[in-house]
Structures are given as structure tokens and as C-alpha cells.
There are 2 protein chains.
Amino acid sequence: MTVVPEQPDQSDPSLRLLWRHRTGSSEEPKTKRGPKQKVSVDEIVDAAIDLADAEGLAAVTMRAIAQRFGLGAMTLYSYVPNRDALLVLMADQVVGRTVLPELPEDPRERLELVARLQHDELRAHPWLLEVQDVRPWLGPNMSDRYEWQLQAVDGLGLSDLEMDQTVAVLMGFAGNIARSELLKRRAEKVTGMTEAEWWAANYDTLSEVMAGSHYPLANRVGTAAGETYQAATDPGRELDYGLARIIDGVLAHVTERAPD
Amino acid sequence: MTVVPEQPDQSDPSLRLLWRHRTGSSEEPKTKRGPKQKVSVDEIVDAAIDLADAEGLAAVTMRAIAQRFGLGAMTLYSYVPNRDALLVLMADQVVGRTVLPELPEDPRERLELVARLQHDELRAHPWLLEVQDVRPWLGPNMSDRYEWQLQAVDGLGLSDLEMDQTVAVLMGFAGNIARSELLKRRAEKVTGMTEAEWWAANYDTLSEVMAGSHYPLANRVGTAAGETYQAATDPGRELDYGLARIIDGVLAHVTERAPD
DNA sequence: AAAAATTTCGTACACCGTACGGAACAAATG
DNA sequence: CATTTGTTCCGTACGGTGTACGAAATTTTT
């Protein structure tokens with residue numbers, strides 16, 4: 001008689017946690033034994049999101065979160081397997097807060113909307129950029145978002161693979177813009193000077209040290225870019241140029257292939 | 001009589017360190033007092049790069065580096081102000097190792113080369129993705145690189161600002177591809193399974209948990225994408241589609257504006 | 001020969017995630 | 001009812017991090 005070898009459950013434990021609100025079937029309202037839990041997973045995740053929004057991801061420590069509820073740090077581990085899992089829960093939960101608007105008819109507007117929504121979200125919650133999961137978009141809200149993004153590129157004439165890649169390019173671009181904005185803000189906070197002030201303070205050193213090299217293009221272009229970015233009162237303007245080029249390229253690709 | 005208020009030297013101390021090999025004028029071969037330094041800054045930075053290449057950026061600890069030279073951890077602080085400064089030195093130094101090839105005539109080839117070079121470099125040194133500096137590209141090798149990149153987009157008919165933005169889009173895209181490759185490799189190392197194995201191990205849980213929701217597009221597209229990526233033996237193939245679209249968009253932009 | 005400047009580096013601190021084990025608690029079982 | 005059993009709560013402790021501080025050693029300047 002052969003015994004089935006014990007499968008040590010390779011499945012990721014945090015999957016069920018991610019989908020805890022949408023267990024399609026076989027929920028488990030089983031009354032559990034020990035003391036009643038004083039808080040809920042959602043409350044913990046929300047508190048962690050608050051912390052991250054207010055003080056950055058580095059401030060999201062197990063001790064800090066626990067303190068918000070008057071709990072001991074180790075208590076959190078009866079709600080969440082570890083910190084990394086908590087970060088993934090935070091990401092999915094915060095993504096779920098954004099309501100997905102209906103997609104416009106015009107293809108260009110559709111793609112723009114997808115990218116701008118992502119960018120706005122990352123601006124509101126910059127710590128999302130630092131949460132990189134093993135195995136992405138597997139939570140319920142991430143899945144909803146991905147499906148919605150695919151709807152935006154559906155019917156354009158792209159292959160399945162191209163649909164995925166197009167979404168990836170747009171998301172990546174939005175993320176890069178958000179990241180550069182984040183770094184700029186962070187630099188100002190760390191150094192305590194605005195970008196212009198920093199350049200002024202380091203001008204002498206820079207010109208002394210770069211005396212041997214010369215950068216004609218970098219000087220000209222860097223100056224132009226610096227002035228523009230400094231004057232950029234309207235955030236999100238950095239998005240415009242690159243986004244337009246990317247969408248141009250995608251739309252040109254599909255119309256060229258099927259010159260209707 | 002008015003006294004000039006003491007300016008506590010706002011300038012960034014690591015700037016001189018970055019440019020230590022190219023001090024245009026006024027070098028200081030002054031013989032210094034104390035004990036002779038047992039190693040050089042370059043050796044330290046090279047050792048740190050070795051460590052990062054071999055075991056990732058997290059393995060680059062002050063203690064680990066010092067141990068390579070039989071030094072105490074604190075000794076490093078007489079070479080480098082702190083760990084973050086060391087990371088910037090590493091980045092600039094490793095960027096300096098790549099020789100910049102001559103730029104082709106064809107605009108499309110120029111842009112492709114710029115992006116692919118960046119991608120290859122990030123593939124070889126993935127930890128570069130995790131080094132985010134306050135105030136980017138200020139080292140000598142970063143500056144050379146930026147100047148070279150600008151040459152690639154020069155003469156296309158772009159404005160100064162657009163030149164900067166175009167380079168940024170291409171670099172960002174190359175970085176995103178490299179990042180997704182890195183995450184994939186890291187996930188396989190952490191979970192000890194390939195991507196396909198992971199999906200197999202979690203298939204039951206996933207379909208149970210997603211029973212209530214349905215993702216027609218995500219299922220179809222995700223499957224297609226998954227199969228392709230899994231079969232992708234040739235790394236860098238993920239680069240092709242997005243890069244082509246971006247370059248399409250940029251070139252369309254300039255030819256449209258100046259229909260020669 | 002004495003003084004001054006510089007490098008080396010042992011120790012210590014604050015902070016992190018979390019392994020471990022015990023105590024308090026509530027339901028299931030006898 | 002008493003007892004067992006599974007949970008939750010959480011204090012303590014461990015190994016890890018960057019680095020502040022101060023003493024000791026070493027070399028040049030005076």
C-alpha cells in the first residue's frame with residue numbers, strides 16, 4: 001500500500017490573507033477558542049498605511065504599529081505572518097481605495113487615464129514604490145486593477161502579449177515619474193534646501209571639480225531642465241511629454257498593422 | 001565693523017570624493033601626518049562592488065567590507081563619510097567601467113543603443129537599481145554617461161527640455177525591465193521554485209480564493225504572457241516591444257514637427 | 001624631543017525583525 | 001462541572017545593522 005508523500009503545503013500562506021474578504025466559497029465563521037482578538041487585520045493594515053503615508057515606509061515598524069493599539073510588538077504576529085506580508089496587504093488595501101472610473105471611448109484618453117491614475121496613486125502613497133513583492137498583483141484589488149487596465153488596451157488590435165506589455169510600459173513610466181518626484185522631495189527634506197539652493201551652495205565646488213572635464217550638452221540641457229522643473233508648479237507636468245510619446249508609439253503600432 | 005557670518009560649508013562633502021581622480025586644478029599631494037592608510041578608497045569601493053555583485057546590496061555592510069581587508073569596521077569611516085556615500089561611489093565607479101561605444105548614424109539605432117547599454121549594465125549590476133541618490137548623476141562617470149546619452153538625442157530636432165526627457169524615458173524603461181527581471185530571479189531564489197512551479201503549487205488555492213471574482217482578460221492575457229516569459233530563453237527580449245514603441249513615438253514626434 | 005595631526009579600531013548605543021516560551025483566556029470535550 | 005486544547009497576548013532575548021565616541025598608535029611638523 002503506497003502512502004501519498006506528505007505535501008508540506010507549498011502554497012503561499014499570505015494568499016488567503018490577501019483574499020480574506022472575498023473567499024468565494026467555504027468561509028470559516030468557526031468560533032475560535034482563545035481570547036477574542038482585540039483588533040482586526042484591516043485595522044492593523046489601515047494603521048500601517050497611515051504610518052507609511054505620514055512618515056514613510058521606514059517608519060512602519062512592528063513596534064510602531066503595535067503601539068498604536070497599545071499592543072505588544074509580537075502580538076501582531078498572530079494577525080500577520082511577518083512584515084513583508086503586511087506590506088503586501090497594505091499595498092492591496094490601499095489600491096482598493098481608489099475607485100476605478102469608467103473608461104472613455106477614445107483610445108488615447110483610455111491609455112492616458114490608466115497612466116495618470118497610477119501616477120496619482122503613487123503620488124498619494126509613495127511608499128508603494130518601495131513595496132516590491134515576490135509575485136506581483138495577486139491580491140484582489142491588484143487583480144481588479146489589472147483587469148481594468150487590460151480593458152483599456154483591449155480592442156485596439158494588440159495581441160495578448162502586447163496588451164500585457166503595453167500596460168507594463170505605461171505603469172512603469174508612471175512609476176518612474178512618481179519615483180523621481182519622490183526623490184526630489186526626499187532630497188529637499190534630507191538636505192534642508194531646495195534644489196536651487198543646493199546648486200547654489202555647491203556651485204563653487206562643482207565648477208572647481210569639473211574644471212578638467214567639459215559637458216557642453218549636459219550644461220545646456222541640464223540648465224534648461226533644471227529651470228523648468230524648478231518652475232513646475234503644476235505637478236504631473238513631467239508626465240506629459242513621455243506619456244504622449246509612448247501613446248503615440250502604441251497607437252502608431254496598431255494603426256500601421258491594421259490600416260483600417 | 002560687521003563680521004561675515006560663518007558659513008558652515010553647506011557643500012556636499014562627498015562631491016570631492018566622487019571627483020577625486022579628476023581634480024582639474026589644485027590637487028593636494030600634501031604629505032599627511034598620522035599613519036599611512038593601508039588601503040585606498042578605490043580598493044574599498046571595488047571590494048564593495050564585488051560584494052554587491054556576488055551577494056546583493058544587502059550584503060554590503062561596513063563590517064563585511066572591512067573584514068575583506070582585515071580592518072576594523074570603523075576604519076572605513078576615515079575613507080568614506082558613511083555608507084550612503086559609499087553606495088554613490090560604487091555606482092559611479094561601476095558606471096565608469098563601461099566603455100561608451102561610438103554612436104551610430106541612424107537615430108533609431110542611437111536610441112536603441114543607449115537603452116540597451118543601460119539595460120545590460122543594470123543586468124550585470126542589479127544593485128544599481130537600489131542605489132537611489134539624493135541628487136543624481138553628479139559623479140564624473142555619471143556625467144560622462146549623461147553627456148553621451150544627450151549626444152544620442154542631439155540633432156533630432158528636440159528641444160533641450162525634450163532631450164532630457166527623452167533620455168529619462170529611455171533610461172527609466174531600461175531600468176524597469178531590469179527591475180522586473182531582478183524581481184523574477186529573486187523570487188525564484190527566495191521561494192526555491194521556478195515561476196511555473198509556484199503557479200502549480202498555488203493553483204488550487206488561487207482558484208478557490210478567486211472563485212467569487214472573474215477576470216476574463218487577466219486570465220487570457222496573463223496566461224499568454226506567462227507562457228511567453230517562461231519560454232523566454234533570450235534575456236532582453238522583453239525589452240524589444242516597449243523600446244520599439246517608445247522610439248516610434250519619439251521619432252514620430254520630431255518628423256511630424258519638421259516634415260523635412 | 002615635544003607637539004600636532006591623522007589613522008586605526010574596540011566598545012557601546014539605538015533600532016530593527018522575529019524566535020521562543022509562558023501566561024491568560026475561551027471553547028470543546030469528558 | 002472539570003479538564004483539555006487551541007489561541008491570543010506579550011516580555012525577553014538574539015543576531016543583525018549603521019555609526020558616535022574616545023583611546024591608542026603612528027607619522028610629520030615644530
# chains A, B, ... in the order shown; residues from 1 in each chain; ligands from 1
call {"tool": "select_by_dssp", "arguments": {"residues": "stretch 20-250 of chain B", "states": "alpha helix (DSSP H)", "output": "PyMOL selection string"}}
result
chain B and resi 41-55+62-68+83-97+107-124+140-153+160-191+195-209+216-231+237-250
call {"tool": "interface_residues", "arguments": {"of": "chain B", "to": "chain D", "cutoff": "6 Å", "atoms": "only C-alpha atoms (C1' of nucleotides)", "output": "list of chain:residue names"}}
result
B:Arg33, B:Gly34, B:Pro35
call {"tool": "atom_distance", "arguments": {"atom1": "atom CA of B:Thr166", "atom2": "atom CA of A:Gly192"}}
result
29.7 Å
call {"tool": "atom_distance", "arguments": {"atom1": "atom C1' of C:DC16", "atom2": "atom CA of A:Arg63"}}
result
9.5 Å
call {"tool": "closest_atom_pairs", "arguments": {"of": "chain C", "to": "chain B", "cutoff": "7 Å", "atoms": "only C-alpha atoms (C1' of nucleotides)", "output": "Markdown table"}}
result
| residue | atom | partner | partner_atom | distance |
| --- | --- | --- | --- | --- |
| C:DA5 | C1' | B:Arg33 | CA | 5.8 |
| C:DT6 | C1' | B:Gly34 | CA | 3.9 |
| C:DT7 | C1' | B:Pro35 | CA | 5.4 |
| C:DT8 | C1' | B:Thr75 | CA | 5.9 |
| C:DC9 | C1' | B:Gly72 | CA | 5.4 |
call {"tool": "write_last_selection", "arguments": {"atoms": "all heavy atoms", "output": "short mmCIF file (atom, residue, chain, number, x, y, z; two decimals), in the first residue's frame"}}
result
data_model
loop_
_atom_site.label_atom_id
_atom_site.label_comp_id
_atom_site.auth_asym_id
_atom_site.auth_seq_id
_atom_site.Cartn_x
_atom_site.Cartn_y
_atom_site.Cartn_z
P DA C 5 47.01 70.60 14.84
OP1 DA C 5 46.81 71.88 14.14
OP2 DA C 5 46.23 70.24 16.03
"O5'" DA C 5 46.86 69.42 13.77
"C5'" DA C 5 47.85 69.26 12.76
"C4'" DA C 5 47.79 67.86 12.19
"O4'" DA C 5 48.35 66.92 13.15
"C3'" DA C 5 46.38 67.37 11.88
"O3'" DA C 5 46.42 66.79 10.58
"C2'" DA C 5 46.12 66.30 12.94
"C1'" DA C 5 47.52 65.78 13.20
N9 DA C 5 47.72 65.15 14.52
C8 DA C 5 47.34 65.63 15.74
N7 DA C 5 47.67 64.86 16.75
C5 DA C 5 48.33 63.79 16.14
C6 DA C 5 48.92 62.62 16.66
N6 DA C 5 48.96 62.33 17.97
N1 DA C 5 49.49 61.77 15.79
C2 DA C 5 49.45 62.07 14.48
N3 DA C 5 48.91 63.13 13.88
C4 DA C 5 48.37 63.96 14.77
P DT C 6 45.12 66.61 9.73
OP1 DT C 6 45.33 67.23 8.40
OP2 DT C 6 43.96 67.00 10.57
"O5'" DT C 6 45.08 65.04 9.53
"C5'" DT C 6 46.29 64.34 9.26
"C4'" DT C 6 46.14 62.87 9.58
"O4'" DT C 6 46.45 62.65 10.96
"C3'" DT C 6 44.74 62.27 9.38
"O3'" DT C 6 44.80 61.37 8.28
"C2'" DT C 6 44.41 61.57 10.69
"C1'" DT C 6 45.75 61.53 11.41
N1 DT C 6 45.65 61.67 12.89
C2 DT C 6 46.23 60.72 13.70
O2 DT C 6 46.83 59.77 13.25
N3 DT C 6 46.10 60.94 15.05
C4 DT C 6 45.44 62.01 15.65
O4 DT C 6 45.40 62.11 16.86
C5 DT C 6 44.85 62.95 14.76
C7 DT C 6 44.11 64.13 15.30
C6 DT C 6 44.97 62.75 13.43
P DT C 7 43.56 60.45 7.85
OP1 DT C 7 43.57 60.30 6.40
OP2 DT C 7 42.35 60.98 8.54
"O5'" DT C 7 43.94 59.06 8.52
"C5'" DT C 7 45.19 58.44 8.18
"C4'" DT C 7 45.38 57.17 9.01
"O4'" DT C 7 45.43 57.52 10.42
"C3'" DT C 7 44.27 56.14 8.87
"O3'" DT C 7 44.86 54.86 8.73
"C2'" DT C 7 43.47 56.28 10.16
"C1'" DT C 7 44.55 56.69 11.15
N1 DT C 7 44.06 57.48 12.33
C2 DT C 7 44.38 57.06 13.60
O2 DT C 7 45.04 56.07 13.83
N3 DT C 7 43.89 57.87 14.61
C4 DT C 7 43.13 59.02 14.46
O4 DT C 7 42.75 59.65 15.44
C5 DT C 7 42.83 59.38 13.11
C7 DT C 7 42.01 60.61 12.84
C6 DT C 7 43.30 58.61 12.11
P DT C 8 43.94 53.62 8.32
OP1 DT C 8 44.74 52.75 7.44
OP2 DT C 8 42.62 54.12 7.90
"O5'" DT C 8 43.77 52.89 9.72
"C5'" DT C 8 44.90 52.27 10.35
"C4'" DT C 8 44.52 51.86 11.76
"O4'" DT C 8 44.08 53.02 12.50
"C3'" DT C 8 43.37 50.85 11.85
"O3'" DT C 8 43.83 49.69 12.50
"C2'" DT C 8 42.29 51.59 12.65
"C1'" DT C 8 43.10 52.61 13.42
N1 DT C 8 42.35 53.82 13.83
C2 DT C 8 42.27 54.14 15.17
O2 DT C 8 42.78 53.47 16.05
N3 DT C 8 41.56 55.28 15.45
C4 DT C 8 40.94 56.12 14.55
O4 DT C 8 40.33 57.12 14.91
C5 DT C 8 41.06 55.74 13.16
C7 DT C 8 40.43 56.57 12.09
C6 DT C 8 41.76 54.62 12.88
P DC C 9 42.98 48.35 12.37
OP1 DC C 9 43.92 47.26 12.69
OP2 DC C 9 42.23 48.34 11.11
"O5'" DC C 9 41.96 48.51 13.58
"C5'" DC C 9 42.44 48.61 14.92
"C4'" DC C 9 41.27 48.88 15.84
"O4'" DC C 9 40.92 50.28 15.80
"C3'" DC C 9 39.97 48.15 15.47
"O3'" DC C 9 39.38 47.62 16.64
"C2'" DC C 9 39.08 49.24 14.92
"C1'" DC C 9 39.52 50.35 15.86
N1 DC C 9 39.04 51.70 15.47
C2 DC C 9 38.78 52.65 16.48
O2 DC C 9 38.99 52.35 17.65
N3 DC C 9 38.32 53.87 16.14
C4 DC C 9 38.10 54.15 14.84
N4 DC C 9 37.63 55.36 14.54
C5 DC C 9 38.35 53.20 13.81
C6 DC C 9 38.82 52.00 14.17
#
call {"tool": "atom_distance", "arguments": {"atom1": "atom CA of A:Val114", "atom2": "atom CA of A:Gln149"}}
result
6.4 Å
call {"tool": "residues_around", "arguments": {"residues": "A:Ala196", "least_positions_apart": "2", "cutoff": "12 Å", "atoms": "only C-alpha atoms (C1' of nucleotides)", "output": "list of chain:residue names"}}
result
A:Lys184, A:Ala187, A:Glu188, A:Thr191, A:Gly192, A:Met193, A:Thr194, A:Trp198, A:Trp199, A:Ala200, A:Ala201, A:Asn202, A:Tyr203, A:Thr223, A:Gly226, A:Glu227, A:Thr228, A:Tyr229, A:Gln230, A:Ala231, B:Arg135
call {"tool": "interface_residues", "arguments": {"of": "chain A", "to": "chain B", "cutoff": "7 Å", "atoms": "only C-alpha atoms", "output": "MDAnalysis selection string"}}
result
chainID A and resid 10:12 16 19 22:24 134 146:147 150 160:161 164:165 169 172:173 176 183 187 201:202 208:212 215 217:218 221 224:225 242 245:246 248:250
call {"tool": "residues_around", "arguments": {"residues": "stretch 46-53 of chain B", "least_positions_apart": "2", "cutoff": "8 Å", "atoms": "only C-alpha atoms (C1' of nucleotides)", "output": "list in words"}}
result
Asp42, Glu43, Ile44, Glu55, Gly56, Leu57, Ala58, Ala59, Val60, Ile65, Arg68, Met90, Gln93, Val94, Ala124, His125, Pro126 and Trp127 of chain B
